[in-house]
>>> print(open('structure25.txt').read())   # compact mmCIF, C-alpha atoms and all ligand atoms
# COMPACT_ATOMS: atom_id res chain seq x y z
CA MET L 12 69.99 -214.90 -158.40
CA PHE L 13 73.76 -215.35 -158.45
CA ASP L 14 74.89 -218.96 -158.50
CA PRO L 15 78.60 -219.65 -157.86
CA LEU L 16 78.38 -222.45 -160.45
CA ASP L 17 77.99 -219.74 -163.11
CA LEU L 18 81.63 -218.90 -162.49
CA TYR L 19 82.75 -222.32 -163.31
CA THR L 20 83.01 -224.49 -166.47
CA PRO L 21 84.21 -228.02 -165.68
CA ASN L 22 85.63 -228.62 -169.21
CA GLU L 23 88.06 -225.78 -168.92
CA VAL L 24 89.71 -227.04 -165.77
CA LYS L 25 93.25 -228.16 -166.28
CA ILE L 26 93.90 -229.54 -162.80
CA GLU L 27 94.64 -233.26 -162.81
CA SER L 28 91.66 -234.95 -161.21
CA SER L 29 92.08 -238.49 -162.48
CA GLN L 30 93.46 -239.84 -159.21
CA PHE L 31 90.15 -239.10 -157.50
CA ASN L 32 88.49 -241.57 -159.84
CA LEU L 33 90.88 -244.42 -159.08
CA GLY L 34 89.44 -247.75 -158.03
CA LYS L 35 90.26 -249.40 -154.71
CA SER L 36 93.00 -251.67 -156.07
CA GLU L 37 94.55 -248.86 -158.09
CA LEU L 38 94.56 -246.65 -155.01
CA LEU L 39 96.17 -249.37 -152.92
CA GLN L 40 98.74 -249.90 -155.66
CA GLU L 41 99.49 -246.19 -155.71
CA ARG L 42 99.93 -246.13 -151.96
CA GLN L 43 101.93 -249.39 -152.11
CA HIS L 44 104.22 -247.80 -154.66
CA GLY L 45 104.89 -244.88 -152.33
CA MET L 46 105.48 -247.24 -149.45
CA GLU L 47 107.99 -249.31 -151.33
CA ALA L 48 109.98 -246.19 -151.89
CA ASN L 49 110.36 -245.78 -148.17
CA GLU L 50 110.61 -248.85 -146.02
CA ASP L 51 109.97 -246.90 -142.79
CA GLU L 52 106.57 -245.78 -143.97
CA LYS L 53 105.45 -249.40 -144.31
CA GLN L 54 105.21 -249.90 -140.56
CA SER L 55 103.07 -246.87 -139.97
CA ASP L 56 100.74 -247.36 -142.99
CA GLU L 57 97.23 -248.11 -141.70
CA GLU L 58 97.88 -246.84 -138.21
CA ASP L 59 99.30 -243.58 -139.45
CA ASN L 60 97.58 -240.58 -138.01
CA ILE L 61 98.05 -238.37 -141.00
CA ILE L 62 95.65 -238.54 -143.91
CA ASP L 63 96.06 -237.14 -147.41
CA ASN L 64 94.04 -236.69 -150.60
CA LEU L 65 94.14 -240.42 -151.29
CA ASP L 66 92.02 -240.97 -148.18
CA LEU L 67 89.13 -238.96 -149.65
CA PRO L 68 86.28 -241.17 -150.91
CA SER L 69 86.76 -242.16 -154.56
CA VAL L 70 84.56 -239.94 -156.70
CA LYS L 71 84.01 -242.85 -159.06
CA TYR L 72 82.84 -245.38 -156.47
CA ALA L 73 81.54 -243.50 -153.42
CA PRO L 74 77.81 -242.63 -153.35
CA PRO L 75 76.90 -238.91 -153.45
CA GLU L 76 75.92 -238.69 -149.77
CA VAL L 77 79.39 -239.93 -148.73
CA ILE L 78 81.06 -237.24 -150.83
CA LEU L 79 78.53 -234.65 -149.61
CA CYS L 80 79.53 -235.38 -146.00
CA VAL L 81 83.20 -234.84 -146.84
CA LEU L 82 82.42 -231.56 -148.62
CA ILE L 83 80.50 -230.30 -145.60
CA LEU L 84 83.42 -231.20 -143.34
CA LEU L 85 85.67 -229.21 -145.69
CA ARG L 86 83.53 -226.08 -145.24
CA PRO L 87 85.58 -223.09 -144.07
CA ASP L 88 85.64 -222.34 -140.37
CA ARG L 89 83.48 -219.68 -138.77
CA GLN L 90 84.97 -216.24 -139.31
CA VAL L 91 85.35 -214.36 -136.06
CA ASN L 92 86.66 -210.78 -136.09
CA PHE L 93 88.06 -211.32 -139.61
CA ASN L 94 89.97 -214.45 -138.50
CA GLN L 95 89.22 -218.10 -139.16
CA GLU L 96 88.22 -220.08 -136.07
CA THR L 97 89.70 -223.59 -136.12
CA ASP L 98 88.06 -226.91 -135.22
CA LYS L 99 90.97 -227.74 -132.91
CA ASN L 100 89.88 -229.09 -129.51
CA LYS L 101 86.21 -229.28 -130.52
CA SER L 102 84.08 -232.37 -129.78
CA VAL L 103 82.43 -234.38 -132.59
CA LEU L 104 79.15 -232.67 -131.69
CA GLY L 105 80.80 -229.25 -131.76
CA ILE L 106 82.33 -229.92 -135.17
CA CYS L 107 79.00 -231.19 -136.58
CA LYS L 108 77.29 -228.09 -135.21
CA SER L 109 79.81 -225.61 -136.53
CA HIS L 110 79.82 -227.28 -139.98
CA GLY L 111 76.04 -227.77 -140.10
CA LEU L 112 76.51 -231.53 -140.60
CA GLU L 113 73.50 -233.83 -140.15
CA PRO L 114 74.23 -236.96 -138.04
CA TYR L 115 72.82 -239.33 -140.72
CA LEU L 116 75.43 -238.10 -143.20
CA LEU L 117 78.23 -238.66 -140.70
CA GLU L 118 76.95 -242.20 -140.06
CA ARG L 119 76.91 -242.84 -143.78
CA LEU L 120 80.54 -241.70 -144.09
CA LEU L 121 81.53 -243.83 -141.11
CA ASN L 122 79.96 -246.83 -142.80
CA TRP L 123 81.98 -246.07 -145.92
CA TYR L 124 85.26 -246.04 -144.01
CA THR L 125 84.45 -249.09 -141.87
CA GLU L 126 82.43 -251.42 -144.16
CA GLU L 127 82.60 -250.42 -147.80
CA TRP L 128 86.11 -249.01 -148.12
CA PRO L 129 87.87 -249.85 -144.83
CA ASN L 130 90.40 -247.27 -143.76
CA LYS L 131 91.85 -247.49 -140.27
CA ARG L 132 92.87 -243.87 -140.31
CA LEU L 133 89.21 -242.85 -140.58
CA ASN L 134 87.28 -245.65 -138.90
CA SER L 135 85.62 -243.62 -136.14
CA VAL L 136 83.55 -240.43 -136.04
CA GLU L 137 86.29 -238.80 -133.94
CA LYS L 138 88.94 -239.51 -136.57
CA ILE L 139 86.65 -238.40 -139.41
CA CYS L 140 85.64 -235.15 -137.71
CA ASN L 141 89.14 -234.25 -136.58
CA LYS L 142 91.11 -235.20 -139.66
CA ILE L 143 88.99 -234.38 -142.70
CA PRO L 144 88.51 -230.63 -141.90
CA MET L 145 92.27 -230.37 -141.34
CA LEU L 146 92.95 -231.54 -144.91
CA ARG L 147 92.41 -227.90 -145.98
CA PHE L 148 95.65 -227.04 -144.21
CA MET L 149 97.53 -230.32 -144.86
CA ILE L 150 97.35 -230.67 -148.63
CA SER L 151 97.70 -228.17 -151.46
CA LYS L 152 94.78 -226.08 -152.73
CA GLN L 153 95.38 -227.63 -156.17
CA LEU L 154 94.77 -231.14 -154.88
CA LEU L 155 91.53 -230.12 -153.21
CA LEU L 156 90.42 -228.23 -156.32
CA GLY L 157 91.22 -231.38 -158.30
CA TYR L 158 88.87 -233.34 -156.04
CA TYR L 159 86.09 -230.75 -156.39
CA THR L 160 86.60 -230.74 -160.16
CA ALA L 161 86.24 -234.50 -160.33
CA VAL L 162 82.96 -234.23 -158.37
CA LEU L 163 81.61 -231.55 -160.72
CA LYS L 164 82.61 -233.54 -163.79
CA LYS L 165 80.84 -236.62 -162.53
CA TYR L 166 77.63 -235.01 -161.30
CA ASN L 167 77.14 -231.87 -163.41
CA ASN L 168 74.65 -233.54 -165.76
CA TYR L 169 73.30 -236.07 -163.28
CA ASP L 170 69.74 -237.16 -163.82
CA GLY L 171 69.35 -240.16 -161.50
CA PRO L 172 67.26 -241.04 -158.45
CA ASN L 173 69.41 -239.14 -155.92
CA ILE L 174 68.73 -235.79 -157.51
CA ARG L 175 68.18 -233.83 -154.26
CA THR L 176 71.41 -235.09 -152.69
CA VAL L 177 73.25 -234.40 -155.93
CA GLN L 178 71.87 -230.86 -156.11
CA GLN L 179 73.14 -230.26 -152.59
CA LEU L 180 76.44 -231.88 -153.52
CA LEU L 181 76.86 -229.56 -156.54
CA LYS L 182 76.04 -226.51 -154.44
CA GLU L 183 78.61 -227.50 -151.80
CA THR L 184 81.22 -228.26 -154.46
CA SER L 185 80.79 -224.92 -156.21
CA SER L 186 80.94 -223.13 -152.85
CA ARG L 187 84.21 -224.91 -151.95
CA ILE L 188 85.64 -223.79 -155.29
CA SER L 189 84.52 -220.17 -155.01
CA GLU L 190 85.76 -219.91 -151.40
CA ASN L 191 89.23 -220.36 -152.84
CA CYS L 192 88.86 -217.37 -155.17
CA GLY L 193 89.24 -214.44 -152.74
CA ARG L 194 86.57 -212.40 -150.89
CA THR L 195 85.15 -210.72 -154.00
CA ALA L 196 84.25 -214.05 -155.64
CA GLN L 197 83.08 -215.80 -152.48
CA PRO L 198 79.50 -216.86 -151.92
CA SER L 199 77.42 -215.19 -149.20
CA ILE L 200 78.68 -215.75 -145.67
CA VAL L 201 77.73 -215.09 -142.07
CA ARG L 202 80.52 -213.50 -140.06
CA TYR L 203 80.75 -213.29 -136.30
CA PHE L 204 82.18 -210.46 -134.24
CA GLU L 205 83.07 -211.09 -130.61
CA LEU L 206 83.65 -207.89 -128.68
CA LYS L 207 85.11 -207.54 -125.22
CA HIS L 208 82.44 -206.46 -122.67
CA LEU L 209 79.57 -207.57 -124.95
CA ASP L 210 77.67 -210.71 -123.87
CA ASN L 211 76.66 -211.99 -127.31
CA ALA L 212 78.62 -212.10 -130.55
CA ILE L 213 77.22 -209.96 -133.38
CA SER L 214 76.29 -212.11 -136.42
CA LEU L 215 76.26 -210.41 -139.80
CA TYR L 216 74.99 -211.77 -143.09
CA GLU L 217 77.09 -210.63 -146.05
CA PRO L 218 75.68 -211.29 -149.53
CA SER L 219 78.03 -212.31 -152.31
CA LEU L 220 79.78 -209.18 -153.66
CA THR L 221 78.27 -209.42 -157.15
CA ALA L 222 77.62 -205.71 -157.66
CA ASP L 223 79.62 -202.69 -156.62
CA ASN L 224 77.92 -202.73 -153.23
CA LEU L 225 80.60 -201.97 -150.66
CA GLY L 226 77.95 -202.04 -147.94
CA TRP L 227 77.49 -205.81 -148.36
CA LYS L 228 80.82 -206.42 -146.68
CA THR L 229 81.92 -205.51 -143.16
CA TRP L 230 84.99 -203.27 -143.14
CA GLY L 231 87.82 -203.14 -140.59
CA SER L 232 87.04 -199.62 -139.32
CA SER L 233 83.70 -200.79 -138.02
CA LEU L 234 85.30 -203.45 -135.80
CA ILE L 235 87.73 -200.92 -134.28
CA LEU L 236 84.97 -198.35 -133.71
CA SER L 237 82.54 -200.93 -132.31
CA GLN L 238 85.05 -202.14 -129.71
CA SER L 239 85.88 -198.59 -128.55
CA LEU L 240 82.18 -197.68 -128.31
CA VAL L 241 81.34 -200.85 -126.35
CA ASP L 242 84.31 -200.14 -124.03
CA TYR L 243 83.05 -196.57 -123.59
CA LEU L 244 79.49 -197.66 -122.77
CA HIS L 245 80.86 -200.32 -120.42
CA THR L 246 82.96 -197.89 -118.39
CA THR L 247 80.84 -194.72 -118.48
CA ASP L 248 77.38 -194.09 -117.09
CA VAL L 249 76.27 -192.49 -120.35
CA LYS L 250 72.57 -192.63 -119.56
CA SER L 251 72.59 -190.62 -116.35
CA ARG L 252 74.97 -188.15 -117.97
CA MET L 253 72.61 -187.71 -120.90
CA ASN L 254 69.45 -187.54 -118.80
CA ARG L 255 70.57 -184.19 -117.49
CA HIS L 256 69.94 -182.77 -120.95
CA THR L 257 67.41 -185.04 -122.59
CA LYS L 258 64.72 -187.57 -121.75
CA GLU L 259 65.36 -189.75 -124.77
CA ILE L 260 68.65 -190.45 -126.46
CA LYS L 261 68.71 -190.51 -130.27
CA VAL L 262 71.44 -192.38 -132.12
CA LEU L 263 72.11 -192.37 -135.88
CA GLU L 264 74.57 -194.44 -137.85
CA LEU L 265 75.42 -193.16 -141.35
CA GLY L 266 76.54 -195.59 -144.10
CA SER L 267 76.01 -198.60 -141.82
CA GLY L 268 76.73 -201.27 -144.48
CA THR L 269 76.17 -204.59 -142.72
CA GLY L 270 75.54 -202.68 -139.48
CA LEU L 271 78.33 -203.73 -137.11
CA VAL L 272 78.79 -200.35 -135.40
CA GLY L 273 75.11 -199.52 -134.84
CA LEU L 274 74.23 -203.08 -133.84
CA SER L 275 77.13 -203.31 -131.37
CA TRP L 276 76.09 -199.99 -129.82
CA ALA L 277 72.47 -201.11 -129.63
CA SER L 278 73.34 -204.54 -128.15
CA LYS L 279 75.51 -203.01 -125.43
CA TRP L 280 72.88 -200.37 -124.67
CA LYS L 281 70.17 -203.04 -124.43
CA GLU L 282 72.39 -205.11 -122.13
CA LEU L 283 72.96 -202.11 -119.82
CA TYR L 284 69.70 -200.15 -119.92
CA GLY L 285 67.04 -202.08 -121.86
CA THR L 286 65.21 -200.64 -124.83
CA ASP L 287 63.24 -197.71 -123.35
CA ASN L 288 63.97 -194.03 -123.93
CA ILE L 289 66.21 -194.55 -126.89
CA GLU L 290 65.67 -194.23 -130.61
CA ILE L 291 68.32 -195.78 -132.79
CA PHE L 292 68.67 -195.75 -136.59
CA VAL L 293 71.10 -197.65 -138.80
CA THR L 294 71.00 -196.19 -142.32
CA ASP L 295 72.38 -196.62 -145.82
CA LEU L 296 71.43 -196.56 -149.52
CA PRO L 297 68.28 -198.48 -150.62
CA GLU L 298 70.22 -201.43 -152.10
CA ILE L 299 72.02 -201.95 -148.77
CA VAL L 300 69.09 -201.50 -146.39
CA THR L 301 67.37 -204.84 -147.19
CA ASN L 302 70.40 -206.76 -145.93
CA LEU L 303 70.78 -204.32 -143.04
CA LYS L 304 67.22 -205.12 -141.89
CA LYS L 305 68.08 -208.81 -142.06
CA ASN L 306 71.08 -208.22 -139.77
CA VAL L 307 68.94 -206.27 -137.29
CA SER L 308 66.70 -209.36 -136.99
CA LEU L 309 69.64 -211.79 -136.94
CA ASN L 310 70.78 -210.05 -133.75
CA ASN L 311 67.30 -209.91 -132.19
CA LEU L 312 67.20 -206.13 -132.33
CA GLN L 313 64.00 -205.76 -134.38
CA GLY L 314 61.54 -203.35 -132.78
CA PHE L 315 64.49 -201.57 -131.16
CA VAL L 316 66.83 -200.65 -134.01
CA GLN L 317 65.33 -199.13 -137.19
CA ALA L 318 67.11 -199.85 -140.49
CA GLU L 319 66.16 -197.05 -142.90
CA ILE L 320 67.23 -195.38 -146.12
CA LEU L 321 69.29 -192.23 -145.64
CA ASP L 322 71.01 -191.14 -148.84
CA TRP L 323 73.65 -188.47 -148.16
CA THR L 324 72.76 -186.81 -151.47
CA ASN L 325 69.07 -186.63 -150.56
CA PRO L 326 68.47 -186.60 -146.78
CA LEU L 327 65.07 -184.91 -147.18
CA ASP L 328 63.24 -188.22 -147.63
CA PHE L 329 64.53 -189.35 -144.23
CA ILE L 330 63.74 -185.98 -142.61
CA ASP L 331 60.20 -185.98 -144.09
CA LYS L 332 59.61 -189.41 -142.61
CA PHE L 333 61.29 -189.11 -139.20
CA GLY L 334 62.15 -185.44 -138.57
CA HIS L 335 65.18 -185.31 -136.26
CA GLU L 336 67.01 -182.49 -138.00
CA ASN L 337 69.81 -181.32 -135.65
CA ASP L 338 68.44 -183.78 -133.13
CA PHE L 339 70.82 -186.77 -132.79
CA ASP L 340 72.80 -187.02 -129.56
CA VAL L 341 75.14 -189.58 -131.08
CA ILE L 342 76.22 -190.03 -134.70
CA LEU L 343 78.32 -193.07 -135.65
CA ILE L 344 80.27 -193.33 -138.92
CA ALA L 345 82.80 -195.95 -140.06
CA ASP L 346 84.72 -195.82 -143.35
CA PRO L 347 82.65 -193.25 -145.28
CA ILE L 348 85.40 -191.61 -147.40
CA TYR L 349 86.31 -193.32 -150.68
CA SER L 350 85.40 -190.83 -153.41
CA PRO L 351 86.02 -187.07 -153.96
CA GLN L 352 82.38 -186.20 -153.08
CA HIS L 353 82.29 -188.13 -149.81
CA PRO L 354 83.97 -185.54 -147.53
CA GLU L 355 81.41 -182.89 -148.47
CA TRP L 356 78.43 -185.24 -148.22
CA VAL L 357 79.53 -186.62 -144.85
CA VAL L 358 80.14 -183.17 -143.33
CA ASN L 359 76.73 -182.07 -144.67
CA MET L 360 75.12 -185.03 -142.89
CA ILE L 361 76.85 -184.27 -139.58
CA SER L 362 75.75 -180.61 -139.93
CA LYS L 363 72.19 -181.62 -140.68
CA PHE L 364 71.66 -184.23 -138.00
CA LEU L 365 73.95 -183.62 -135.00
CA ALA L 366 72.21 -182.03 -132.00
CA PRO L 367 73.86 -178.86 -130.57
CA SER L 368 75.35 -180.89 -127.70
CA GLY L 369 75.72 -184.12 -129.70
CA VAL L 370 78.85 -186.18 -130.31
CA CYS L 371 79.96 -187.77 -133.58
CA HIS L 372 82.27 -190.80 -133.52
CA LEU L 373 84.11 -191.27 -136.81
CA GLU L 374 86.58 -194.04 -137.74
CA ILE L 375 88.46 -194.00 -141.04
CA PRO L 376 91.09 -196.27 -142.55
CA LEU L 377 94.30 -194.50 -143.57
CA ARG L 378 94.29 -195.62 -147.21
CA ALA L 379 97.11 -193.97 -149.17
CA LYS L 380 94.78 -193.38 -152.12
CA TYR L 381 92.40 -191.12 -150.15
CA ALA L 382 94.90 -188.91 -148.29
CA LYS L 383 93.62 -185.83 -150.17
CA GLU L 384 89.96 -186.60 -149.28
CA ARG L 385 90.94 -186.95 -145.61
CA GLU L 386 92.55 -183.51 -145.71
CA ILE L 387 89.41 -182.06 -147.33
CA LEU L 388 87.29 -183.71 -144.63
CA LYS L 389 89.44 -182.10 -141.94
CA SER L 390 89.18 -178.60 -143.42
CA LEU L 391 85.44 -178.96 -144.13
CA LEU L 392 84.84 -179.93 -140.49
CA ARG L 393 86.75 -176.84 -139.40
CA ASP L 394 84.92 -174.57 -141.90
CA ASN L 395 81.56 -175.88 -140.65
CA ASN L 396 82.37 -175.06 -137.02
CA PHE L 397 83.11 -178.54 -135.79
CA LYS L 398 85.84 -179.31 -133.31
CA VAL L 399 87.81 -182.57 -133.08
CA VAL L 400 88.04 -183.19 -129.34
CA LYS L 401 89.75 -186.56 -129.46
CA GLU L 402 91.91 -188.36 -132.01
CA ALA L 403 93.44 -191.84 -131.81
CA HIS L 404 95.44 -194.03 -134.18
CA SER L 405 95.19 -197.80 -134.14
CA GLU L 406 95.96 -200.89 -136.17
CA GLY L 407 93.39 -203.52 -137.07
CA MET L 408 92.44 -206.37 -139.36
CA ASP L 409 90.40 -206.49 -142.53
CA ASP L 410 89.94 -209.22 -145.15
CA TRP L 411 93.09 -208.03 -146.86
CA GLY L 412 95.37 -207.85 -143.80
CA ILE L 413 96.49 -205.21 -141.33
CA VAL L 414 95.31 -201.62 -141.82
CA ASP L 415 95.96 -198.34 -139.90
CA TYR L 416 92.91 -196.47 -138.66
CA LEU L 417 92.16 -193.02 -137.30
CA TYR L 418 89.40 -192.26 -134.79
CA ARG L 419 87.97 -188.76 -134.38
CA GLN L 420 85.46 -187.54 -131.82
CA ILE L 421 83.68 -184.49 -133.20
CA ILE L 422 81.44 -181.89 -131.52
CA ARG L 423 79.99 -178.54 -132.56
CA ASN L 424 82.12 -175.50 -131.68
C1 LIG L 501 83.15 -198.74 -147.07
S1 LIG L 501 81.49 -198.99 -146.70
C2 LIG L 501 81.50 -199.01 -144.94
C3 LIG L 501 80.32 -199.74 -144.39
C4 LIG L 501 80.32 -199.91 -142.87
N1 LIG L 501 80.24 -198.64 -142.20
C5 LIG L 501 81.54 -200.69 -142.41
O1 LIG L 501 82.50 -200.02 -141.96
O2 LIG L 501 81.55 -201.90 -142.49
C6 LIG L 501 80.75 -197.41 -147.02
C7 LIG L 501 79.27 -197.37 -146.82
O3 LIG L 501 78.79 -196.06 -147.13
C8 LIG L 501 77.59 -196.18 -147.86
N2 LIG L 501 77.36 -195.00 -148.70
C9 LIG L 501 78.09 -194.57 -149.75
N3 LIG L 501 77.52 -193.52 -150.34
C10 LIG L 501 76.39 -193.27 -149.64
C11 LIG L 501 75.34 -192.30 -149.76
N4 LIG L 501 75.32 -191.41 -150.75
N5 LIG L 501 74.35 -192.34 -148.87
C12 LIG L 501 74.31 -193.24 -147.88
N6 LIG L 501 75.26 -194.20 -147.72
C13 LIG L 501 76.28 -194.21 -148.58
C14 LIG L 501 77.82 -197.43 -148.70
O4 LIG L 501 76.61 -197.96 -149.19
C15 LIG L 501 78.52 -198.32 -147.70
O5 LIG L 501 77.63 -199.08 -146.95
>>> encode(input="structure25.txt", output="structure tokens", more="lines below")
Ligand SMILES: C[S@@+](CC[C@H](N)C(=O)[O-])C[C@H]1O[C@@H](n2cnc3c(N)ncnc32)[C@H](O)[C@@H]1O
Amino acid sequence: MFDPLDLYTPNEVKIESSQFNLGKSELLQERQHGMEANEDEKQSDEEDNIIDNLDLPSVKYAPPEVILCVLILLRPDRQVNFNQETDKNKSVLGICKSHGLEPYLLERLLNWYTEEWPNKRLNSVEKICNKIPMLRFMISKQLLLGYYTAVLKKYNNYDGPNIRTVQQLLKETSSRISENCGRTAQPSIVRYFELKHLDNAISLYEPSLTADNLGWKTWGSSLILSQSLVDYLHTTDVKSRMNRHTKEIKVLELGSGTGLVGLSWASKWKELYGTDNIEIFVTDLPEIVTNLKKNVSLNNLQGFVQAEILDWTNPLDFIDKFGHENDFDVILIADPIYSPQHPEWVVNMISKFLAPSGVCHLEIPLRAKYAKEREILKSLLRDNNFKVVKEAHSEGMDDWGIVDYLYRQIIRN
């Protein structure tokens, strides 16, 4: 199993971490020195609202559970719709909940700042919970990395009585380090997607991107497509429209990845009509489907949504198991075109599975690199007797910033 610590060798780190090992008197001296430089600062010293790296517990003197509590408070915020949610305006309880912080650890840290190492800037749970998480935005990344480095150096070969706390401490420290290394080096995360007109947020587990598995990450197209599909279901009586033709509606998502599109559709459908008279599949390659199943359960859709293998190069295994050739009323696809073979495979899948009166909803990012593949997709759709009945451009977010997207609604001619 991948361990973020494998990425990291404490000896090679060049960041200055010595100040995190300073003793109390040395720290006070250091602060005193700064204060002497500016007479005005003297008055606001202990009462000052703002904290900095010198307010973090000394790595040399603080016990591991005190440092562990700080590291948990420095966890990144929940990610909602590709944005970071902030702790601003949250209660102490809310902050503990969102950071997964146990009350006994918070009490231990409070004791540190009130009894063992008094610090008026951090002498209440409110101050601790409001100020420490904000340090991520107040001081430089280098200073925080220096703190984490000092923790690793001290505890990497620890063999004392607090081994379980120290193991947790090392795990948190290595996670804080890897979170600063970009999405591809980050540890596994759970992301949240809040859609308008959908009662519950969709939670998606994303494993660490250790292999070339693009389906272990949620991509921007799927958020755009999910919102338009939820809006559509919210404003249109799809069920009574469909009942004219069919008793049961069948929905298939191709290349689901973490499953946002299929799970959003399923959640909205369940909210509106329950789980009868619908069969819904989210599908992908074998190495992606295990995580996909996990996300089905995470959103309480097990027994309703089926996560199954459907390889575009070998759909026969799926057909042998479930049938449904030319039988799906709705096909959902987000971001399936990123190699020269993809246009042909994707059009083959639509040809194989779309019912004569079915509708395919496709969302693709307009990446400059794949302009040629998008053109091929367009002509293959035409050559295979498909008609694009609706097209819409939009702009949306991904982990790497703003991206342009294109939606196409496709039916058989
Ligand atoms: C860029 S990701 C998009 C994932 C998801 N739809 C999203 O937007 O978040 C492309 C997806 O297509 C899947 N895929 C690629 N080739 C495939 C194939 N031959 N058969 C089935 N799925 C495939 C990948 O595993 C991946 O999950």
>>> residues_near_ligand(input="structure25.txt", ligand="ligand LIG 501 (chain L)", cutoff="10 Å", atoms="only C-alpha atoms and all ligand atoms", output="PyMOL selection string")
chain L and resi 223-237+264-273+293-300+303+320-326+343-350+352-353+356-357+360+373-376+409
>>> residues_around(input="structure25.txt", residues="Thr125 in chain L", least_positions_apart="3", cutoff="6 Å", atoms="only C-alpha atoms", output="list in words")
Asn122, Pro129 and Asn134 of chain L
>>> closest_residue(input="structure25.txt", among="L:Leu388, L:Ala212, L:Ala403, L:Ile422", to="Pro367 in chain L", atoms="only C-alpha atoms")
L:Ile422
>>> residues_around(input="structure25.txt", residues="Leu84 in chain L", least_positions_apart="5", cutoff="9 Å", atoms="all atoms listed in the file", output="list in words")
Leu79, Ile106, Cys107, His110, Gly111, Leu112, Ile139, Cys140, Ile143 and Pro144 of chain L
>>> closest_residue(input="structure25.txt", among="L:Gly334, L:Gly105, L:Gly314, L:Pro75", to="Gln179 in chain L", atoms="all atoms listed in the file")
L:Pro75
>>> residues_near_point(input="structure25.txt", point="(74.6, -188.2, -132.5)", cutoff="9 Å", atoms="all atoms listed in the file", output="list in words")
Ile260, Lys261, Val262, Leu263, Glu264, Asn337, Asp338, Phe339, Asp340, Val341, Ile342, Leu343, Ile361, Phe364, Leu365, Ala366, Ser368, Gly369, Val370, Cys371 and His372 of chain L
>>> closest_residue(input="structure25.txt", among="L:Val91, L:Ile62, L:Leu155, L:Cys80", to="Lys131 in chain L", atoms="only C-alpha atoms")
L:Ile62
>>> atom_distance(input="structure25.txt", atom1="CA of Ala73 in chain L", atom2="CA of Ile200 in chain L")
29.0 Å
>>> atom_distance(input="structure25.txt", atom1="CA of Leu391 in chain L", atom2="CA of Asn359 in chain L")
9.3 Å
>>> atom_distance(input="structure25.txt", atom1="CA of Trp276 in chain L", atom2="CA of Gln238 in chain L")
9.2 Å
>>> closest_residue(input="structure25.txt", among="L:Glu76, L:Asp66, L:Asp331, L:Glu402", to="Leu181 in chain L", atoms="all atoms listed in the file")
L:Glu76
>>> closest_residue(input="structure25.txt", among="L:Lys281, L:Arg419, L:Lys363, L:Lys108", to="Arg89 in chain L", atoms="all atoms listed in the file")
L:Lys108
>>> residues_near_point(input="structure25.txt", point="(93.6, -220.2, -152.8)", cutoff="8 Å", atoms="all atoms listed in the file", output="PDB file with C-alpha atoms, in the frame of the given file")
ATOM      1  CA  LYS L 152      94.780-226.080-152.730  1.00  0.00           C
ATOM      2  CA  GLU L 190      85.760-219.910-151.400  1.00  0.00           C
ATOM      3  CA  ASN L 191      89.230-220.360-152.840  1.00  0.00           C
ATOM      4  CA  CYS L 192      88.860-217.370-155.170  1.00  0.00           C
ATOM      5  CA  GLY L 193      89.240-214.440-152.740  1.00  0.00           C
TER       6      GLY L 193
END
>>> closest_residue(input="structure25.txt", among="L:Leu121, L:Ile78, L:Val249, L:Ala379", to="Leu283 in chain L", atoms="only C-alpha atoms")
L:Val249
